[in-house]
Amino acid sequence: MSSTLTFLSVIWYQLTFNPKPPPPEIKAEGETAIVTGSNVGLGFEAAKQLASRGLARLILAVRDISKGEVAKAAISRENPKCQIEVWQLDQDSWDSMSAFARKAQSLDRLDILLLNAGMKRLEYTRSPAGHETHIQVNHLSTALLSLLLLAPLRKTAAITGKPSRMTITASILAFIAAVDGITHPKAEIIPTLDDPVSFKPGVDRYCLSKLLNILWTRELAKHVDAKELVINMCNPGWCMSEFHREDPGAAAAGKYLGWSSEQGAHLLVDAALQHPESHGEYLSEQRVRSVSGFVLSAQGQVAQKRIWDETLALLREVVGQDHPIIRSDRLFL
Ligand SMILES: NC(=O)c1ccc[n+]([C@@H]2O[C@H](COP(=O)([O-])OP(=O)(O)OC[C@H]3O[C@@H](n4cnc5c(N)ncnc54)[C@H](OP(=O)(O)O)[C@@H]3O)[C@@H](O)[C@H]2O)c1
């Protein structure tokens with residue numbers, strides 16, 4: 001689909017599709033869920049909606065504990081039976097992510113993981129963790145958490161006898177990403193994207209980081225048995241949240257086209273609780289949809305494998321080949 005067609009389809013669905021909560025009989029009774037980026041926006045609304053489905057325990061993974069406590073109080077008021085915990089998670093810090101994952105290994109169960117935290121900037125910035133910020137927060141950190149939390153998800157499947165769930169918040173903007181930074185046959189992808197020269201001011205890098213989410217998740221799903229864990233991706237639509245704070249154009253247009261964060265969260269909760277057939281798939285408008293032509297192309301397949309290999313090598317370097325979690329986890333099939 002060309003960029004124009006993608007953009008027209010975004011407008012069409014924003015104006016005509018009405019996000020709905022999953023049917024009330026879809027429950028998460030007694031389950032434990034982690035939602036990243038859950039102090040505001042889509043993550044907060046999704047966490048609240050999951051709590052209302054009967055969760056026993058909800059972990060709000062947030063970078064600012066005091067903001068997380070405010071979110072916890074709001075969710076608790078409506079869901080007094082759900083045990084809500086606020087855990088610190090900064091996706092700009094390798095140490096924070098490692099500590100978070102270490103703590104998660106001690107959970108008696110983890111049924112649902114919603115990797116939702118993300119950011120958008122229009123200018124180049126470098127994360128304190130070392131990489132261009134979208135590459136760090138949206139791609140590398142999401143990828144690391146998706147690996148480090150595999151063990152508790154799998155352990156839970158062995159107890160419950162049904163697959164645990166991992167949903168990654170994607171975006172249809174991945175379909176319009178400029179792919180030159182990830183298709184050069186000779187240049188390594190991540191160092192190329194870290195180089196400020198490769199950054200075009202505007203939304204391009206955000207779109208590309210969401211494409212990396214899709215490529216990573218599709219490859220990860222190949223290495224995981226859907227009987228143990230269903231991994232999918234969800235486009236929540238264009239939603240009003242704090243997300244567009246540095247993008248006044250998107251914020252202004254969103255007033256006419258945007259859904260509320262509550263509506264967007266219906267899609268995330270739908271992806272996390274329903275669609276058992278969606279392992280490795282991309283959901284949008286509450287159904288499995290095709291990914292972009294690029295992702296399906298031979299060039300996209302090569303990029304997917306290269307992203308996987310480079311990301312894995314980088315993450316192993318960062319957390320250490322001997323990291324207790326990586327060492328002890330049966331990472332892949
Ligand atoms: N809104 C949309 O139109 C839209 C459309 C498609 C996809 N998405 C995706 O939906 C997800 C949620 O977006 P949103 O609309 O809810 O945006 P939001 O209101 O800005 O919330 C983003 C969340 O991510 C957290 N976060 C950002 N950087 C982080 C970091 N370094 N470490 C840990 N947490 C971090 C934020 O924490 P702080 O509050 O501390 O900053 C916040 O909790 C993102 O992945 C985004 O790409 C959004």
# chains A, B, ... in the order shown; residues from 1 in each chain; ligands from 1
>>> residues_around(residues="Ala51 (chain A)", least_positions_apart="5", cutoff="8 Å", atoms="only C-alpha atoms", output="count of residues only")
6
>>> closest_atom_pairs(of="chain A", to="ligand 1", cutoff="6 Å", atoms="only C-alpha atoms and all ligand atoms", output="tab-separated table")
residue	atom	partner	partner_atom_place_in_ligand_line	distance
A:Gly37	CA	ligand 1	43 (O)	3.2
A:Ser38	CA	ligand 1	43 (O)	4.9
A:Asn39	CA	ligand 1	43 (O)	4.8
A:Val40	CA	ligand 1	43 (O)	5.0
A:Gly41	CA	ligand 1	16 (O)	3.5
A:Leu42	CA	ligand 1	16 (O)	3.7
A:Gly43	CA	ligand 1	16 (O)	5.4
A:Val62	CA	ligand 1	34 (N)	5.6
A:Arg63	CA	ligand 1	33 (C)	4.7
A:Asp64	CA	ligand 1	40 (O)	5.6
A:Leu89	CA	ligand 1	33 (C)	5.5
A:Asp90	CA	ligand 1	32 (N)	3.8
A:Gln91	CA	ligand 1	32 (N)	3.7
A:Asp92	CA	ligand 1	31 (N)	4.5
A:Asn116	CA	ligand 1	45 (O)	4.7
A:Ala117	CA	ligand 1	24 (O)	3.5
A:Gly118	CA	ligand 1	45 (O)	3.6
A:Met119	CA	ligand 1	27 (C)	5.0
A:Val137	CA	ligand 1	31 (N)	5.4
A:Thr169	CA	ligand 1	45 (O)	5.2
A:Ala170	CA	ligand 1	7 (C)	5.6
A:Ser171	CA	ligand 1	6 (C)	4.3
A:Asn235	CA	ligand 1	6 (C)	5.8
A:Pro236	CA	ligand 1	6 (C)	5.4
A:Gly237	CA	ligand 1	5 (C)	5.0
A:Trp238	CA	ligand 1	3 (O)	3.5
A:Cys239	CA	ligand 1	3 (O)	3.8
A:Met240	CA	ligand 1	1 (N)	5.6
A:Ser241	CA	ligand 1	19 (O)	4.4
A:Glu242	CA	ligand 1	19 (O)	3.8
A:Phe243	CA	ligand 1	20 (O)	3.4
>>> write_last_selection(atoms="N, CA and C atoms", output="PDB file, in the first residue's frame")
ATOM      1  N   GLY A  37       4.385   1.408  30.526  1.00  0.00           N
ATOM      2  CA  GLY A  37       3.886   2.730  30.137  1.00  0.00           C
ATOM      3  C   GLY A  37       2.440   2.899  30.558  1.00  0.00           C
ATOM      4  N   SER A  38       2.146   2.527  31.814  1.00  0.00           N
ATOM      5  CA  SER A  38       0.740   2.452  32.237  1.00  0.00           C
ATOM      6  C   SER A  38       0.329   3.563  33.198  1.00  0.00           C
ATOM      7  N   ASN A  39       1.155   4.603  33.304  1.00  0.00           N
ATOM      8  CA  ASN A  39       0.735   5.715  34.160  1.00  0.00           C
ATOM      9  C   ASN A  39      -0.211   6.664  33.430  1.00  0.00           C
ATOM     10  N   VAL A  40      -0.153   6.693  32.121  1.00  0.00           N
ATOM     11  CA  VAL A  40      -1.023   7.590  31.338  1.00  0.00           C
ATOM     12  C   VAL A  40      -1.475   6.882  30.064  1.00  0.00           C
ATOM     13  N   GLY A  41      -2.304   7.584  29.310  1.00  0.00           N
ATOM     14  CA  GLY A  41      -2.606   7.210  27.927  1.00  0.00           C
ATOM     15  C   GLY A  41      -3.177   5.811  27.754  1.00  0.00           C
ATOM     16  N   LEU A  42      -2.769   5.188  26.652  1.00  0.00           N
ATOM     17  CA  LEU A  42      -3.300   3.871  26.288  1.00  0.00           C
ATOM     18  C   LEU A  42      -2.947   2.811  27.328  1.00  0.00           C
ATOM     19  N   GLY A  43      -1.738   2.891  27.861  1.00  0.00           N
ATOM     20  CA  GLY A  43      -1.314   1.894  28.841  1.00  0.00           C
ATOM     21  C   GLY A  43      -2.150   1.975  30.108  1.00  0.00           C
ATOM     22  N   VAL A  62       6.278   1.543  35.259  1.00  0.00           N
ATOM     23  CA  VAL A  62       6.341   2.986  34.940  1.00  0.00           C
ATOM     24  C   VAL A  62       7.722   3.529  35.269  1.00  0.00           C
ATOM     25  N   ARG A  63       8.101   4.586  34.582  1.00  0.00           N
ATOM     26  CA  ARG A  63       9.437   5.090  34.901  1.00  0.00           C
ATOM     27  C   ARG A  63       9.417   6.036  36.094  1.00  0.00           C
ATOM     28  N   ASP A  64       8.249   6.603  36.396  1.00  0.00           N
ATOM     29  CA  ASP A  64       8.158   7.528  37.525  1.00  0.00           C
ATOM     30  C   ASP A  64       7.168   6.942  38.543  1.00  0.00           C
ATOM     31  N   LEU A  89      10.332   1.080  35.898  1.00  0.00           N
ATOM     32  CA  LEU A  89      10.902   0.582  34.636  1.00  0.00           C
ATOM     33  C   LEU A  89      11.233   1.770  33.747  1.00  0.00           C
ATOM     34  N   ASP A  90      12.525   1.961  33.520  1.00  0.00           N
ATOM     35  CA  ASP A  90      12.956   3.044  32.626  1.00  0.00           C
ATOM     36  C   ASP A  90      13.593   2.408  31.398  1.00  0.00           C
ATOM     37  N   GLN A  91      12.969   2.577  30.258  1.00  0.00           N
ATOM     38  CA  GLN A  91      13.472   1.948  29.039  1.00  0.00           C
ATOM     39  C   GLN A  91      14.646   2.722  28.433  1.00  0.00           C
ATOM     40  N   ASP A  92      15.072   3.756  29.146  1.00  0.00           N
ATOM     41  CA  ASP A  92      16.310   4.446  28.797  1.00  0.00           C
ATOM     42  C   ASP A  92      17.469   3.925  29.634  1.00  0.00           C
ATOM     43  N   ASN A 116       3.883  -1.824  25.959  1.00  0.00           N
ATOM     44  CA  ASN A 116       3.174  -0.695  25.366  1.00  0.00           C
ATOM     45  C   ASN A 116       3.967   0.611  25.403  1.00  0.00           C
ATOM     46  N   ALA A 117       4.905   0.754  26.339  1.00  0.00           N
ATOM     47  CA  ALA A 117       5.600   2.049  26.498  1.00  0.00           C
ATOM     48  C   ALA A 117       6.243   2.456  25.177  1.00  0.00           C
ATOM     49  N   GLY A 118       6.149   3.727  24.855  1.00  0.00           N
ATOM     50  CA  GLY A 118       6.759   4.202  23.628  1.00  0.00           C
ATOM     51  C   GLY A 118       6.763   5.708  23.591  1.00  0.00           C
ATOM     52  N   MET A 119       7.529   6.262  22.633  1.00  0.00           N
ATOM     53  CA  MET A 119       7.636   7.718  22.545  1.00  0.00           C
ATOM     54  C   MET A 119       7.805   8.144  21.087  1.00  0.00           C
ATOM     55  N   VAL A 137      14.183   3.195  23.032  1.00  0.00           N
ATOM     56  CA  VAL A 137      12.968   2.987  23.851  1.00  0.00           C
ATOM     57  C   VAL A 137      11.965   2.096  23.128  1.00  0.00           C
ATOM     58  N   THR A 169       2.533  -3.107  21.463  1.00  0.00           N
ATOM     59  CA  THR A 169       1.790  -2.015  20.839  1.00  0.00           C
ATOM     60  C   THR A 169       2.556  -1.536  19.601  1.00  0.00           C
ATOM     61  N   ALA A 170       1.944  -1.750  18.453  1.00  0.00           N
ATOM     62  CA  ALA A 170       2.564  -1.357  17.180  1.00  0.00           C
ATOM     63  C   ALA A 170       1.870  -0.090  16.659  1.00  0.00           C
ATOM     64  N   SER A 171       1.987   0.157  15.379  1.00  0.00           N
ATOM     65  CA  SER A 171       1.274   1.300  14.779  1.00  0.00           C
ATOM     66  C   SER A 171       1.204   1.086  13.278  1.00  0.00           C
ATOM     67  N   ASN A 235      -2.191  -2.476  16.504  1.00  0.00           N
ATOM     68  CA  ASN A 235      -2.266  -1.059  16.176  1.00  0.00           C
ATOM     69  C   ASN A 235      -3.473  -0.478  16.920  1.00  0.00           C
ATOM     70  N   PRO A 236      -3.251   0.431  17.883  1.00  0.00           N
ATOM     71  CA  PRO A 236      -4.393   0.927  18.663  1.00  0.00           C
ATOM     72  C   PRO A 236      -5.159   2.053  17.981  1.00  0.00           C
ATOM     73  N   GLY A 237      -4.716   2.437  16.784  1.00  0.00           N
ATOM     74  CA  GLY A 237      -5.370   3.566  16.109  1.00  0.00           C
ATOM     75  C   GLY A 237      -4.782   4.888  16.589  1.00  0.00           C
ATOM     76  N   TRP A 238      -5.277   5.931  15.994  1.00  0.00           N
ATOM     77  CA  TRP A 238      -4.791   7.292  16.308  1.00  0.00           C
ATOM     78  C   TRP A 238      -5.586   7.772  17.513  1.00  0.00           C
ATOM     79  N   CYS A 239      -4.906   7.944  18.623  1.00  0.00           N
ATOM     80  CA  CYS A 239      -5.616   8.224  19.880  1.00  0.00           C
ATOM     81  C   CYS A 239      -5.097   9.490  20.542  1.00  0.00           C
ATOM     82  N   MET A 240      -5.987  10.134  21.223  1.00  0.00           N
ATOM     83  CA  MET A 240      -5.613  11.308  21.988  1.00  0.00           C
ATOM     84  C   MET A 240      -5.018  10.840  23.316  1.00  0.00           C
ATOM     85  N   SER A 241      -3.773  11.217  23.535  1.00  0.00           N
ATOM     86  CA  SER A 241      -3.063  10.879  24.766  1.00  0.00           C
ATOM     87  C   SER A 241      -1.971  11.926  24.882  1.00  0.00           C
ATOM     88  N   GLU A 242      -0.991  11.654  25.724  1.00  0.00           N
ATOM     89  CA  GLU A 242       0.124  12.614  25.798  1.00  0.00           C
ATOM     90  C   GLU A 242       1.144  12.370  24.689  1.00  0.00           C
ATOM     91  N   PHE A 243       0.833  11.404  23.851  1.00  0.00           N
ATOM     92  CA  PHE A 243       1.802  10.930  22.871  1.00  0.00           C
ATOM     93  C   PHE A 243       2.225  12.005  21.858  1.00  0.00           C
TER      94      PHE A 243
END
>>> closest_residue(among="A:Leu115, A:Leu148, A:Ile11, A:Val224", to="Ala46 (chain A)", atoms="only C-alpha atoms")
A:Leu115
>>> closest_atom_pairs(of="region 45-152 of chain A", to="region 188-199 of chain A", cutoff="10 Å", atoms="only C-alpha atoms", output="CSV")
residue,atom,partner,partner_atom,distance
A:Leu122,CA,A:Phe199,CA,9.4
A:Glu123,CA,A:Phe199,CA,7.9
A:Tyr124,CA,A:Phe199,CA,6.4
A:Thr125,CA,A:Pro196,CA,8.4
A:Arg126,CA,A:Asp194,CA,7.9
A:Ser127,CA,A:Asp194,CA,10.0
A:Gly130,CA,A:Asp194,CA,8.6
A:His131,CA,A:Asp194,CA,5.6
A:Glu132,CA,A:Asp194,CA,4.8
A:Thr133,CA,A:Asp194,CA,8.6
A:His134,CA,A:Asp194,CA,9.5
A:Ile135,CA,A:Leu193,CA,7.5
A:Gln136,CA,A:Asp194,CA,9.3
A:Leu140,CA,A:Ile190,CA,9.6
>>> atom_distance(atom1="CA of Leu212 (chain A)", atom2="CA of His139 (chain A)")
6.2 Å
>>> closest_residue(among="A:Val288, A:Ile231, A:Leu15, A:Val35", to="Leu147 (chain A)", atoms="only C-alpha atoms")
A:Ile231
>>> residues_around(residues="Asn232 (chain A)", least_positions_apart="6", cutoff="8 Å", atoms="only C-alpha atoms", output="list in words")
Met166, Thr167, Ile168, Thr217, Ala271, Ser278, His279, Gly280, Glu281, Tyr282 and Leu283 of chain A
>>> closest_residue(among="A:Pro276, A:Pro24, A:Gly68, A:Gly293", to="Leu50 (chain A)", atoms="only C-alpha atoms")
A:Pro24
>>> select_by_dssp(residues="region 82-314 of chain A", states="helix (DSSP H, G or I)", output="PyMOL selection string")
chain A and resi 94-104+133-148+150-160+172-176+180-183+189-194+196-198+204-222+242-244+248-257+261-273+293-296+298-314
>>> residues_around(residues="Ser93 (chain A)", least_positions_apart="4", cutoff="8 Å", atoms="only C-alpha atoms", output="PyMOL selection string")
chain A and resi 97+128-129
>>> select_by_dssp(residues="region 14-150 of chain A", states="strand (DSSP E or B)", output="tab-separated table (two decimals) with N, CA and C atoms, in the first residue's frame")
chain	number	residue	atom	x	y	z
A	32	THR	N	-2.38	-12.62	36.36
A	32	THR	CA	-1.44	-11.52	36.63
A	32	THR	C	-1.05	-10.89	35.30
A	33	ALA	N	-1.07	-9.56	35.27
A	33	ALA	CA	-0.69	-8.85	34.04
A	33	ALA	C	0.35	-7.78	34.36
A	34	ILE	N	1.25	-7.56	33.41
A	34	ILE	CA	2.17	-6.40	33.45
A	34	ILE	C	1.81	-5.53	32.26
A	35	VAL	N	1.68	-4.22	32.50
A	35	VAL	CA	1.48	-3.27	31.40
A	35	VAL	C	2.57	-2.21	31.51
A	36	THR	N	3.37	-2.05	30.47
A	36	THR	CA	4.42	-1.01	30.51
A	36	THR	C	3.84	0.31	29.99
A	57	ARG	N	-3.74	-9.80	40.03
A	57	ARG	CA	-2.63	-8.86	40.25
A	57	ARG	C	-2.31	-8.11	38.96
A	58	LEU	N	-2.10	-6.81	39.14
A	58	LEU	CA	-1.75	-5.93	38.01
A	58	LEU	C	-0.47	-5.20	38.37
A	59	ILE	N	0.52	-5.29	37.50
A	59	ILE	CA	1.78	-4.58	37.74
A	59	ILE	C	1.88	-3.43	36.76
A	60	LEU	N	1.91	-2.23	37.32
A	60	LEU	CA	2.05	-1.03	36.50
A	60	LEU	C	3.55	-0.76	36.37
A	61	ALA	N	4.07	-0.94	35.16
A	61	ALA	CA	5.50	-0.73	34.92
A	61	ALA	C	5.69	0.70	34.41
A	62	VAL	N	6.28	1.54	35.26
A	62	VAL	CA	6.34	2.99	34.94
A	62	VAL	C	7.72	3.53	35.27
A	83	GLN	N	-5.04	-6.69	43.21
A	83	GLN	CA	-3.82	-6.24	43.89
A	83	GLN	C	-2.97	-5.50	42.85
A	84	ILE	N	-2.73	-4.22	43.10
A	84	ILE	CA	-2.00	-3.43	42.10
A	84	ILE	C	-0.64	-3.03	42.66
A	85	GLU	N	0.38	-3.28	41.87
A	85	GLU	CA	1.74	-2.93	42.29
A	85	GLU	C	2.36	-1.99	41.25
A	86	VAL	N	3.17	-1.07	41.76
A	86	VAL	CA	3.85	-0.13	40.86
A	86	VAL	C	5.33	-0.50	40.86
A	87	TRP	N	5.84	-0.87	39.69
A	87	TRP	CA	7.25	-1.26	39.57
A	87	TRP	C	7.97	-0.25	38.67
A	88	GLN	N	9.17	0.11	39.07
A	88	GLN	CA	9.92	1.08	38.27
A	88	GLN	C	10.51	0.42	37.01
A	112	ILE	N	-0.24	-12.25	31.34
A	112	ILE	CA	-0.41	-11.27	30.25
A	112	ILE	C	0.70	-10.23	30.36
A	113	LEU	N	1.37	-10.00	29.24
A	113	LEU	CA	2.39	-8.95	29.19
A	113	LEU	C	2.02	-8.01	28.05
A	114	LEU	N	1.77	-6.76	28.38
A	114	LEU	CA	1.48	-5.76	27.35
A	114	LEU	C	2.65	-4.79	27.29
A	115	LEU	N	3.47	-4.95	26.25
A	115	LEU	CA	4.64	-4.08	26.07
A	115	LEU	C	4.19	-2.88	25.25
A	126	ARG	N	19.56	11.45	21.74
A	126	ARG	CA	20.24	10.20	22.07
A	126	ARG	C	19.84	9.79	23.47
A	132	GLU	N	20.03	6.14	19.56
A	132	GLU	CA	19.00	7.12	19.17
A	132	GLU	C	17.73	6.75	19.95
>>> atom_distance(atom1="CA of Ala71 (chain A)", atom2="CA of Glu45 (chain A)")
9.6 Å
>>> closest_residue(among="A:Glu219, A:Asp270, A:Glu69, A:Asp309", to="Pro23 (chain A)", atoms="only C-alpha atoms")
A:Asp270
>>> closest_residue(among="A:Gln105, A:Ser2, A:Gln286, A:Ser260", to="Cys234 (chain A)", atoms="only C-alpha atoms")
A:Gln286
